[in-house]
file input-v9.txt (compact mmCIF, C-alpha atoms and all ligand atoms)
# COMPACT_ATOMS: atom_id res chain seq x y z
CA MET A 1 5.81 23.80 -11.88
CA SER A 2 3.34 21.93 -14.07
CA ALA A 3 0.45 20.15 -12.40
CA LEU A 4 1.91 16.79 -13.39
CA GLN A 5 5.25 17.42 -11.73
CA SER A 6 3.55 18.09 -8.43
CA VAL A 7 2.55 14.41 -8.12
CA SER A 8 5.52 12.11 -7.45
CA LEU A 9 4.97 8.64 -8.78
CA ILE A 10 8.31 6.99 -8.36
CA THR A 11 8.95 3.66 -10.04
CA GLN A 12 11.17 1.74 -12.43
CA ASN A 13 9.22 -1.49 -12.25
CA PRO A 14 8.05 -2.75 -15.67
CA LYS A 15 4.53 -3.61 -14.44
CA MET A 16 4.14 -0.16 -12.90
CA LEU A 17 5.52 1.54 -16.02
CA ASN A 18 3.00 -0.45 -18.01
CA LEU A 19 0.21 0.84 -15.75
CA ILE A 20 1.43 4.40 -16.30
CA GLU A 21 1.41 3.83 -20.04
CA ARG A 22 -2.18 2.62 -19.84
CA ILE A 23 -3.11 5.62 -17.71
CA ASN A 24 -1.60 7.98 -20.26
CA LYS A 25 -3.99 6.48 -22.82
CA VAL A 26 -7.18 6.63 -20.73
CA ALA A 27 -6.62 9.68 -18.50
CA ASP A 28 -8.56 12.00 -20.80
CA SER A 29 -11.38 9.62 -21.62
CA ASP A 30 -13.60 10.15 -18.56
CA SER A 31 -13.81 6.36 -18.14
CA SER A 32 -14.36 5.08 -14.59
CA ILE A 33 -11.20 3.66 -13.11
CA LEU A 34 -10.96 1.08 -10.34
CA ILE A 35 -7.62 0.86 -8.54
CA ILE A 36 -6.96 -2.34 -6.59
CA GLY A 37 -4.00 -2.85 -4.30
CA GLU A 38 -2.90 -3.63 -0.76
CA THR A 39 -2.70 -0.95 1.89
CA GLY A 40 0.02 1.66 1.26
CA VAL A 41 0.86 0.68 -2.35
CA GLY A 42 0.00 4.14 -3.64
CA LYS A 43 -3.64 3.96 -4.73
CA GLU A 44 -4.21 7.59 -3.82
CA VAL A 45 -0.97 8.62 -5.50
CA PHE A 46 -2.25 6.98 -8.68
CA ALA A 47 -5.65 8.66 -8.36
CA ASP A 48 -3.96 12.06 -8.06
CA TYR A 49 -1.72 11.25 -11.00
CA ILE A 50 -4.67 10.31 -13.23
CA HIS A 51 -6.59 13.41 -12.24
CA ARG A 52 -3.66 15.78 -12.84
CA LEU A 53 -2.97 14.19 -16.21
CA SER A 54 -6.59 14.37 -17.35
CA ASN A 55 -8.19 17.40 -18.94
CA ARG A 56 -9.95 17.90 -15.60
CA GLY A 57 -6.57 18.37 -13.89
CA GLN A 58 -7.04 22.05 -13.11
CA ASN A 59 -10.48 21.40 -11.59
CA PRO A 60 -11.09 19.88 -8.15
CA ILE A 61 -10.43 16.30 -7.08
CA VAL A 62 -12.67 15.44 -4.15
CA LYS A 63 -11.73 12.45 -2.01
CA ILE A 64 -13.94 10.48 0.31
CA GLY A 65 -12.91 7.43 2.35
CA LEU A 66 -15.91 5.16 2.74
CA ALA A 67 -14.32 2.88 5.36
CA ALA A 68 -14.27 5.59 8.00
CA LEU A 69 -17.87 6.78 7.64
CA PRO A 70 -21.04 5.52 9.30
CA THR A 71 -23.79 4.83 6.71
CA GLU A 72 -25.96 7.88 7.52
CA LEU A 73 -23.02 10.23 7.21
CA MET A 74 -21.86 8.51 4.03
CA GLU A 75 -25.12 9.36 2.34
CA SER A 76 -25.17 13.02 3.37
CA GLU A 77 -21.48 13.47 2.53
CA LEU A 78 -21.86 11.93 -0.92
CA PHE A 79 -25.17 13.40 -2.00
CA GLY A 80 -25.70 16.46 0.23
CA PHE A 81 -28.85 17.41 2.15
CA GLU A 82 -31.55 20.05 2.47
CA LYS A 83 -32.10 22.19 5.53
CA GLY A 84 -34.39 20.40 7.99
CA SER A 85 -34.04 17.00 6.31
CA PHE A 86 -32.84 15.49 9.62
CA THR A 87 -32.10 16.64 13.16
CA ASN A 88 -29.12 19.05 13.17
CA ALA A 89 -29.57 19.85 9.47
CA ASP A 90 -29.87 23.56 10.19
CA ARG A 91 -28.73 24.47 6.70
CA SER A 92 -28.48 22.73 3.37
CA LYS A 93 -25.12 21.31 2.27
CA LYS A 94 -23.60 20.21 -1.02
CA GLY A 95 -22.44 16.62 -1.40
CA MET A 96 -19.07 15.40 -2.69
CA PHE A 97 -20.44 14.72 -6.18
CA GLU A 98 -21.47 18.34 -6.51
CA LEU A 99 -18.17 19.58 -5.10
CA ALA A 100 -16.37 17.42 -7.66
CA ASP A 101 -18.38 18.91 -10.52
CA THR A 102 -16.12 19.38 -13.60
CA GLY A 103 -13.41 17.45 -11.73
CA THR A 104 -12.85 13.99 -10.29
CA ILE A 105 -14.41 12.15 -7.36
CA PHE A 106 -12.16 9.62 -5.61
CA LEU A 107 -14.14 6.99 -3.70
CA ASP A 108 -11.61 5.27 -1.47
CA ASP A 109 -12.42 1.89 0.10
CA ILE A 110 -15.45 1.49 -2.14
CA ASP A 111 -15.61 -2.16 -1.05
CA ASP A 112 -16.78 -0.83 2.33
CA SER A 113 -19.94 0.77 0.96
CA PRO A 114 -23.15 -0.89 2.19
CA LEU A 115 -25.71 -2.16 -0.33
CA ASN A 116 -28.17 0.74 0.13
CA ILE A 117 -25.42 3.26 -0.66
CA GLN A 118 -24.33 1.15 -3.61
CA ALA A 119 -27.85 1.41 -5.07
CA LYS A 120 -27.76 5.20 -4.71
CA LEU A 121 -24.26 5.45 -6.15
CA LEU A 122 -25.33 3.48 -9.18
CA ARG A 123 -28.29 5.80 -9.74
CA VAL A 124 -26.04 8.87 -9.64
CA LEU A 125 -23.46 7.34 -11.95
CA GLU A 126 -26.09 6.25 -14.47
CA SER A 127 -28.06 9.50 -14.49
CA ASN A 128 -25.28 12.03 -13.80
CA GLU A 129 -27.66 13.67 -11.37
CA VAL A 130 -27.82 13.82 -7.58
CA ARG A 131 -30.65 14.55 -5.25
CA HIS A 132 -30.02 15.97 -1.78
CA ILE A 133 -31.41 14.06 1.19
CA GLY A 134 -34.78 15.65 1.80
CA GLY A 135 -34.67 17.34 -1.59
CA THR A 136 -36.67 16.81 -4.76
CA LYS A 137 -34.58 18.70 -7.31
CA ALA A 138 -32.27 16.72 -9.59
CA ILE A 139 -28.87 18.43 -9.68
CA PRO A 140 -26.77 17.64 -12.75
CA VAL A 141 -23.19 16.61 -12.01
CA ASN A 142 -20.25 16.11 -14.34
CA THR A 143 -17.56 14.10 -12.55
CA ARG A 144 -14.98 11.48 -13.40
CA LEU A 145 -15.04 8.53 -11.00
CA ILE A 146 -11.93 6.88 -9.62
CA SER A 147 -12.48 4.23 -6.95
CA ALA A 148 -10.05 2.23 -4.87
CA SER A 149 -10.30 -1.08 -3.06
CA LYS A 150 -7.96 -3.25 -1.00
CA VAL A 151 -9.89 -6.41 -1.92
CA GLU A 152 -11.12 -8.07 -5.11
CA ILE A 153 -14.59 -6.64 -5.63
CA LYS A 154 -15.57 -9.55 -7.85
CA ASP A 155 -15.24 -11.81 -4.78
CA LEU A 156 -17.69 -9.53 -2.95
CA VAL A 157 -20.04 -9.71 -5.94
CA GLU A 158 -19.98 -13.49 -5.67
CA VAL A 159 -21.09 -13.43 -2.03
CA LYS A 160 -23.64 -10.70 -2.81
CA LEU A 161 -21.97 -8.00 -0.73
CA PHE A 162 -21.40 -5.86 -3.80
CA ARG A 163 -23.85 -5.16 -6.63
CA GLN A 164 -22.74 -6.61 -9.91
CA ASP A 165 -24.20 -3.71 -11.92
CA LEU A 166 -22.24 -1.20 -9.84
CA TYR A 167 -19.09 -3.31 -10.23
CA TYR A 168 -19.41 -3.14 -14.03
CA ARG A 169 -20.06 0.59 -13.83
CA ILE A 170 -16.96 1.45 -11.74
CA ASN A 171 -14.66 -1.04 -13.42
CA THR A 172 -14.34 0.28 -16.98
CA VAL A 173 -10.58 0.39 -16.52
CA GLN A 174 -8.94 -1.64 -13.77
CA LEU A 175 -5.47 -0.89 -12.44
CA ARG A 176 -3.78 -3.37 -10.14
CA ILE A 177 -0.89 -1.93 -8.21
CA PRO A 178 1.64 -4.61 -7.28
CA PRO A 179 2.78 -4.79 -3.64
CA LEU A 180 6.25 -3.40 -2.89
CA ARG A 181 7.68 -6.89 -2.23
CA ASP A 182 6.99 -7.71 -5.91
CA ARG A 183 8.86 -4.63 -7.19
CA LYS A 184 11.98 -4.49 -5.09
CA GLU A 185 13.79 -2.46 -7.74
CA ASP A 186 11.64 0.49 -6.61
CA ILE A 187 13.03 0.35 -3.06
CA PRO A 188 16.35 2.18 -3.72
CA LEU A 189 14.53 4.87 -5.74
CA LEU A 190 11.90 5.37 -3.07
CA VAL A 191 14.54 5.47 -0.32
CA LYS A 192 16.39 8.20 -2.20
CA HIS A 193 13.16 10.10 -2.74
CA PHE A 194 12.15 9.93 0.94
CA LEU A 195 15.66 10.83 2.15
CA LYS A 196 15.51 13.96 0.03
CA ARG A 197 12.05 14.74 1.27
CA PHE A 198 12.64 14.19 4.97
CA ALA A 199 16.26 15.27 5.38
CA ARG A 200 16.95 17.65 2.53
CA GLU A 201 19.50 19.66 4.52
CA LYS A 202 21.39 16.63 5.92
CA GLU A 203 22.45 14.93 2.66
CA LEU A 204 22.00 11.50 4.23
CA ASP A 205 23.28 8.31 2.67
CA ILE A 206 22.40 4.69 3.43
CA SER A 207 24.81 1.79 4.06
CA ASN A 208 24.80 -1.19 1.70
CA ASP A 209 23.74 -3.51 4.54
CA ALA A 210 20.84 -1.28 5.49
CA LEU A 211 19.66 -1.03 1.90
CA GLN A 212 19.97 -4.81 1.54
CA ALA A 213 17.87 -5.25 4.70
CA LEU A 214 15.19 -3.04 3.15
CA MET A 215 15.32 -5.11 -0.04
CA ASP A 216 14.93 -8.36 1.93
CA TYR A 217 11.96 -7.20 4.00
CA LYS A 218 8.44 -8.16 2.94
CA TRP A 219 6.78 -4.72 3.49
CA PRO A 220 3.26 -5.66 4.60
CA GLY A 221 2.51 -1.91 4.84
CA ASN A 222 4.10 -1.29 1.42
CA VAL A 223 5.37 2.19 0.43
CA ARG A 224 3.74 3.87 3.45
CA GLU A 225 5.69 1.58 5.80
CA LEU A 226 8.92 2.24 3.89
CA ARG A 227 8.28 5.98 4.09
CA ASN A 228 7.78 5.75 7.86
CA VAL A 229 10.93 3.66 8.37
CA ILE A 230 13.02 6.16 6.38
CA GLN A 231 11.44 9.16 8.03
CA ARG A 232 12.18 7.76 11.49
CA ALA A 233 15.73 6.69 10.61
CA SER A 234 16.52 10.10 9.10
CA LEU A 235 15.50 11.85 12.33
CA PHE A 236 18.16 10.08 14.36
CA THR A 237 21.00 9.93 11.84
CA GLU A 238 23.44 12.62 10.81
CA ASP A 239 25.36 10.93 8.00
CA VAL A 240 24.81 7.30 6.99
CA ILE A 241 21.69 5.28 7.82
CA LYS A 242 22.56 1.86 9.25
CA ILE A 243 20.45 -1.21 10.10
CA SER A 244 20.58 -0.15 13.76
CA ASP A 245 18.57 2.98 12.81
CA PHE A 246 15.60 0.77 11.85
CA PRO A 247 13.06 -0.57 14.36
CA ASP A 248 14.41 -3.61 16.32
CA ASP A 249 11.80 -6.08 15.16
CA PHE A 250 12.45 -4.98 11.59
CA ALA A 251 16.15 -5.86 11.76
CA LYS A 252 15.42 -9.24 13.36
CA PHE A 253 12.69 -10.06 10.90
CA SER A 254 14.98 -9.10 8.11
CA ASP A 255 17.66 -11.56 9.34
CA ASN A 256 15.14 -14.40 9.32
CA GLU A 257 13.91 -13.32 5.92
CA LYS A 258 17.45 -13.42 4.57
CA ILE A 259 17.93 -16.99 5.80
CA ILE A 260 14.59 -18.14 4.42
CA ASN A 261 15.27 -16.50 1.05
CA ALA A 262 18.70 -18.13 0.87
CA CYS A 263 17.24 -21.57 1.70
CA HIS A 264 14.52 -21.12 -0.86
CA LYS A 265 17.09 -20.23 -3.52
CA CYS A 266 19.22 -23.32 -2.76
CA PHE A 267 16.20 -25.59 -3.01
CA ALA A 268 14.52 -23.95 -6.01
CA SER A 269 17.75 -23.91 -8.04
CA GLY A 270 18.13 -27.67 -7.49
CA GLU A 271 21.50 -27.07 -5.81
CA MET A 272 20.43 -28.93 -2.66
CA SER A 273 17.95 -31.63 -1.72
CA MET A 274 15.30 -30.79 0.87
CA LYS A 275 17.24 -32.74 3.50
CA GLU A 276 20.39 -30.74 2.77
CA VAL A 277 18.51 -27.43 2.91
CA VAL A 278 16.98 -28.33 6.28
CA GLU A 279 20.40 -29.36 7.67
CA CYS A 280 22.02 -26.21 6.32
CA LEU A 281 19.33 -24.10 8.00
CA GLU A 282 19.69 -25.98 11.29
CA LYS A 283 23.45 -25.49 11.22
CA LYS A 284 23.07 -21.78 10.54
CA ILE A 285 20.55 -21.24 13.35
CA ILE A 286 22.70 -23.15 15.86
CA THR A 287 25.87 -21.31 14.83
CA GLU A 288 24.11 -17.96 15.25
CA ALA A 289 22.66 -18.94 18.64
CA ILE A 290 26.13 -19.92 19.88
CA THR A 291 27.60 -16.66 18.59
CA ASP A 292 24.77 -14.68 20.23
CA ALA A 293 25.45 -16.51 23.51
CA LYS A 294 29.19 -15.68 23.13
CA GLY A 295 30.08 -19.38 23.00
CA ASN A 296 28.09 -20.33 26.11
CA GLN A 297 26.47 -23.62 25.03
CA SER A 298 24.06 -23.88 27.99
CA GLU A 299 22.69 -20.43 27.21
CA ALA A 300 22.47 -21.18 23.47
CA ALA A 301 20.60 -24.45 24.21
CA ARG A 302 18.19 -22.57 26.48
CA ASN A 303 17.55 -19.89 23.84
CA LEU A 304 16.94 -22.54 21.20
CA GLY A 305 14.67 -24.60 23.47
CA LEU A 306 16.98 -27.61 23.16
CA LYS A 307 18.50 -29.92 25.80
CA LEU A 308 22.23 -29.24 26.23
CA SER A 309 22.99 -32.86 25.20
CA THR A 310 20.95 -32.44 21.98
CA LEU A 311 22.77 -29.22 21.17
CA ARG A 312 26.14 -30.95 21.73
CA ASP A 313 25.11 -33.84 19.43
CA LYS A 314 24.21 -31.35 16.71
CA ILE A 315 27.45 -29.39 17.14
CA LYS A 316 29.31 -32.66 16.56
CA LYS A 317 27.08 -33.78 13.68
CA PHE A 318 27.39 -30.49 11.80
CA ASP A 319 31.02 -30.01 12.77
CA ILE A 320 30.32 -26.52 14.11
CA GLU A 321 33.41 -24.62 15.27
CA ILE A 322 33.09 -23.09 18.72
N1 LIG A 401 5.22 5.36 -6.31
C1 LIG A 401 5.28 6.21 -5.28
N2 LIG A 401 6.12 7.26 -5.33
C2 LIG A 401 6.22 8.12 -4.30
N3 LIG A 401 5.52 8.01 -3.17
C3 LIG A 401 4.65 6.99 -3.05
C4 LIG A 401 4.48 6.05 -4.11
N4 LIG A 401 3.56 5.14 -3.74
C5 LIG A 401 3.17 5.49 -2.51
N5 LIG A 401 3.82 6.61 -2.09
C6 LIG A 401 3.66 7.25 -0.77
O1 LIG A 401 3.28 6.23 0.16
C7 LIG A 401 2.26 6.65 1.02
C8 LIG A 401 1.04 5.75 0.85
O2 LIG A 401 0.46 5.95 -0.44
P1 LIG A 401 -1.13 6.00 -0.65
O3 LIG A 401 -1.78 6.78 0.44
O4 LIG A 401 -1.37 6.44 -2.06
O5 LIG A 401 -1.46 4.45 -0.48
P2 LIG A 401 -2.88 3.71 -0.55
O6 LIG A 401 -2.71 2.55 -1.48
O7 LIG A 401 -3.93 4.71 -0.87
O8 LIG A 401 -3.02 3.16 0.95
P3 LIG A 401 -4.38 2.79 1.77
O9 LIG A 401 -4.95 1.57 1.13
O10 LIG A 401 -3.87 2.48 3.13
O11 LIG A 401 -5.27 3.99 1.71
C9 LIG A 401 2.00 8.11 0.67
O12 LIG A 401 2.75 8.90 1.53
C10 LIG A 401 2.51 8.25 -0.74
O13 LIG A 401 2.92 9.54 -0.99
MG MG A 402 -5.54 5.36 0.30

call {"tool": "encode", "arguments": {"input": "input-v9.txt", "output": "structure tokens", "more": "lines below"}}
Ligand SMILES: Nc1ncnc2c1ncn2[C@@H]1O[C@H](COP(=O)(O)OP(=O)(O)OP(=O)(O)O)[C@@H](O)[C@H]1O
Ligand SMILES: [Mg+2]
result
Amino acid sequence: MSALQSVSLITQNPKMLNLIERINKVADSDSSILIIGETGVGKEVFADYIHRLSNRGQNPIVKIGLAALPTELMESELFGFEKGSFTNADRSKKGMFELADTGTIFLDDIDDSPLNIQAKLLRVLESNEVRHIGGTKAIPVNTRLISASKVEIKDLVEVKLFRQDLYYRINTVQLRIPPLRDRKEDIPLLVKHFLKRFAREKELDISNDALQALMDYKWPGNVRELRNVIQRASLFTEDVIKISDFPDDFAKFSDNEKIINACHKCFASGEMSMKEVVECLEKKIITEAITDAKGNQSEAARNLGLKLSTLRDKIKKFDIEI
């Protein structure tokens, strides 16, 4: 298998395909790349893809998540240290930049780096040399930098939480990965991919309703959340995945989402006035509450937080069949 095939980057979304086209052009150039995107959109997948595609692809990619590290550890992890440079330093240790020599260093959550680390990072990137903590020797390093952030770094620059000079240095090429809710056409492909990965031997399928529910959901956790939902569903299913195989709150949320999307469509297309959309929504919610309560109006009123008389008025007004 070629190195490139070992990284799955599944998409058919035009914006994503455009990003991949741009990557194909810059992968070999050693330019610093900043990847911005919400949690779970695939920032690390992209970093791996760029590295594998580049002429450094057979050399190491070294990843370090800056959000999880306390400042002191961040410094020693990134730049290394000499024996005796601090308590417990009973031997010297290489830093991530050295380990990534001839390869790529992936600085995840770079927005979480404190200003003193930023100053040191800038020095390394400008000079292509690191110095161990407690050391005096300059060690040459040859690494390609890919960084990732969940937030707009330029906003941090504005409030002086991020150095502008470092921002320019890491941001030679910027890739923005769209959230999953803005590329719904990727959902069926990803579902297929995860079903194959998690239940290869079962040959699972997915019902149309269940797939539609996945398409309607907003995916705050993006591809990672989708992967988890599919992984879980595939554990408990032997043939066809149904909505009932998804987490309860997911199915409920998805119902509400469907209604809201439908209302939005009616209003945005000019088909209905706002008053008509609101009445249509009210009618739908009441009808569903009555169905859920198996026709028991007192129970439906209670669940809706309405007086029974108000519910009866609305049933009459909207001509709801019981
Ligand atoms: N396009 C894709 N094709 C296949 N798998 C993907 C894709 N995008 C994301 N994934 C999968 O989704 C999960 C999350 O991806 P990844 O770790 O790259 O996200 P992230 O943006 O780095 O998230 P975080 O900000 O939380 O670190 C991983 O299991 C990854 O393999
Ligand atoms: Mg990540």

call {"tool": "residues_near_ligand", "arguments": {"input": "input-v9.txt", "ligand": "ligand MG 402 (chain A)", "cutoff": "8 Å", "atoms": "only C-alpha atoms and all ligand atoms", "output": "VMD selection string"}}
result
chain A and resid 39 to 40 42 to 44 65 108 to 109 148

call {"tool": "atom_distance", "arguments": {"input": "input-v9.txt", "atom1": "atom C6 of ligand LIG 401 (chain A)", "atom2": "CA of Thr11 (chain A)"}}
result
11.3 Å

call {"tool": "atom_distance", "arguments": {"input": "input-v9.txt", "atom1": "CA of Lys63 (chain A)", "atom2": "CA of Val41 (chain A)"}}
result
17.2 Å

call {"tool": "residues_near_ligand", "arguments": {"input": "input-v9.txt", "ligand": "ligand LIG 401 (chain A)", "cutoff": "10 Å", "atoms": "all atoms listed in the file", "output": "PDB file with C-alpha atoms, in the coordinates of the input"}}
result
ATOM      1  CA  VAL A   7       2.550  14.410  -8.120  1.00  0.00           C
ATOM      2  CA  SER A   8       5.520  12.110  -7.450  1.00  0.00           C
ATOM      3  CA  LEU A   9       4.970   8.640  -8.780  1.00  0.00           C
ATOM      4  CA  ILE A  10       8.310   6.990  -8.360  1.00  0.00           C
ATOM      5  CA  THR A  11       8.950   3.660 -10.040  1.00  0.00           C
ATOM      6  CA  GLN A  12      11.170   1.740 -12.430  1.00  0.00           C
ATOM      7  CA  ASN A  13       9.220  -1.490 -12.250  1.00  0.00           C
ATOM      8  CA  MET A  16       4.140  -0.160 -12.900  1.00  0.00           C
ATOM      9  CA  ILE A  35      -7.620   0.860  -8.540  1.00  0.00           C
ATOM     10  CA  ILE A  36      -6.960  -2.340  -6.590  1.00  0.00           C
ATOM     11  CA  GLY A  37      -4.000  -2.850  -4.300  1.00  0.00           C
ATOM     12  CA  GLU A  38      -2.900  -3.630  -0.760  1.00  0.00           C
ATOM     13  CA  THR A  39      -2.700  -0.950   1.890  1.00  0.00           C
ATOM     14  CA  GLY A  40       0.020   1.660   1.260  1.00  0.00           C
ATOM     15  CA  VAL A  41       0.860   0.680  -2.350  1.00  0.00           C
ATOM     16  CA  GLY A  42       0.000   4.140  -3.640  1.00  0.00           C
ATOM     17  CA  LYS A  43      -3.640   3.960  -4.730  1.00  0.00           C
ATOM     18  CA  GLU A  44      -4.210   7.590  -3.820  1.00  0.00           C
ATOM     19  CA  VAL A  45      -0.970   8.620  -5.500  1.00  0.00           C
ATOM     20  CA  PHE A  46      -2.250   6.980  -8.680  1.00  0.00           C
ATOM     21  CA  ALA A  47      -5.650   8.660  -8.360  1.00  0.00           C
ATOM     22  CA  ASP A  48      -3.960  12.060  -8.060  1.00  0.00           C
ATOM     23  CA  GLY A  65     -12.910   7.430   2.350  1.00  0.00           C
ATOM     24  CA  ALA A  67     -14.320   2.880   5.360  1.00  0.00           C
ATOM     25  CA  ASP A 108     -11.610   5.270  -1.470  1.00  0.00           C
ATOM     26  CA  ASP A 109     -12.420   1.890   0.100  1.00  0.00           C
ATOM     27  CA  ALA A 148     -10.050   2.230  -4.870  1.00  0.00           C
ATOM     28  CA  SER A 149     -10.300  -1.080  -3.060  1.00  0.00           C
ATOM     29  CA  LYS A 150      -7.960  -3.250  -1.000  1.00  0.00           C
ATOM     30  CA  VAL A 151      -9.890  -6.410  -1.920  1.00  0.00           C
ATOM     31  CA  ILE A 177      -0.890  -1.930  -8.210  1.00  0.00           C
ATOM     32  CA  PRO A 179       2.780  -4.790  -3.640  1.00  0.00           C
ATOM     33  CA  LEU A 180       6.250  -3.400  -2.890  1.00  0.00           C
ATOM     34  CA  ASP A 186      11.640   0.490  -6.610  1.00  0.00           C
ATOM     35  CA  ILE A 187      13.030   0.350  -3.060  1.00  0.00           C
ATOM     36  CA  LEU A 189      14.530   4.870  -5.740  1.00  0.00           C
ATOM     37  CA  LEU A 190      11.900   5.370  -3.070  1.00  0.00           C
ATOM     38  CA  VAL A 191      14.540   5.470  -0.320  1.00  0.00           C
ATOM     39  CA  HIS A 193      13.160  10.100  -2.740  1.00  0.00           C
ATOM     40  CA  PHE A 194      12.150   9.930   0.940  1.00  0.00           C
ATOM     41  CA  GLY A 221       2.510  -1.910   4.840  1.00  0.00           C
ATOM     42  CA  ASN A 222       4.100  -1.290   1.420  1.00  0.00           C
ATOM     43  CA  VAL A 223       5.370   2.190   0.430  1.00  0.00           C
ATOM     44  CA  ARG A 224       3.740   3.870   3.450  1.00  0.00           C
ATOM     45  CA  GLU A 225       5.690   1.580   5.800  1.00  0.00           C
ATOM     46  CA  LEU A 226       8.920   2.240   3.890  1.00  0.00           C
ATOM     47  CA  ARG A 227       8.280   5.980   4.090  1.00  0.00           C
ATOM     48  CA  ASN A 228       7.780   5.750   7.860  1.00  0.00           C
TER      49      ASN A 228
END

call {"tool": "atom_distance", "arguments": {"input": "input-v9.txt", "atom1": "CA of Trp219 (chain A)", "atom2": "CA of Lys284 (chain A)"}}
result
24.6 Å

call {"tool": "residues_around", "arguments": {"input": "input-v9.txt", "residues": "Lys160 (chain A)", "least_positions_apart": "5", "cutoff": "10 Å", "atoms": "only C-alpha atoms", "output": "VMD selection string"}}
result
chain A and resid 115 154 to 155

call {"tool": "residues_around", "arguments": {"input": "input-v9.txt", "residues": "region 229-241 of chain A", "least_positions_apart": "2", "cutoff": "9 Å", "atoms": "only C-alpha atoms", "output": "list in words"}}
result
Val191, Phe194, Leu195, Arg197, Phe198, Ala199, Lys202, Glu203, Leu204, Asp205, Ile206, Ser207, Ala210, Leu211, Arg224, Glu225, Leu226, Arg227, Ile243, Ser244, Asp245, Phe246 and Pro247 of chain A

call {"tool": "closest_residue", "arguments": {"input": "input-v9.txt", "among": "A:Thr104, A:Gln297, A:Ser92, A:Gln118", "to": "Asp165 (chain A)", "atoms": "all atoms listed in the file"}}
result
A:Gln118

call {"tool": "closest_residue", "arguments": {"input": "input-v9.txt", "among": "A:Arg52, A:Phe81, A:Leu311, A:Lys275", "to": "Thr136 (chain A)", "atoms": "only C-alpha atoms"}}
result
A:Phe81
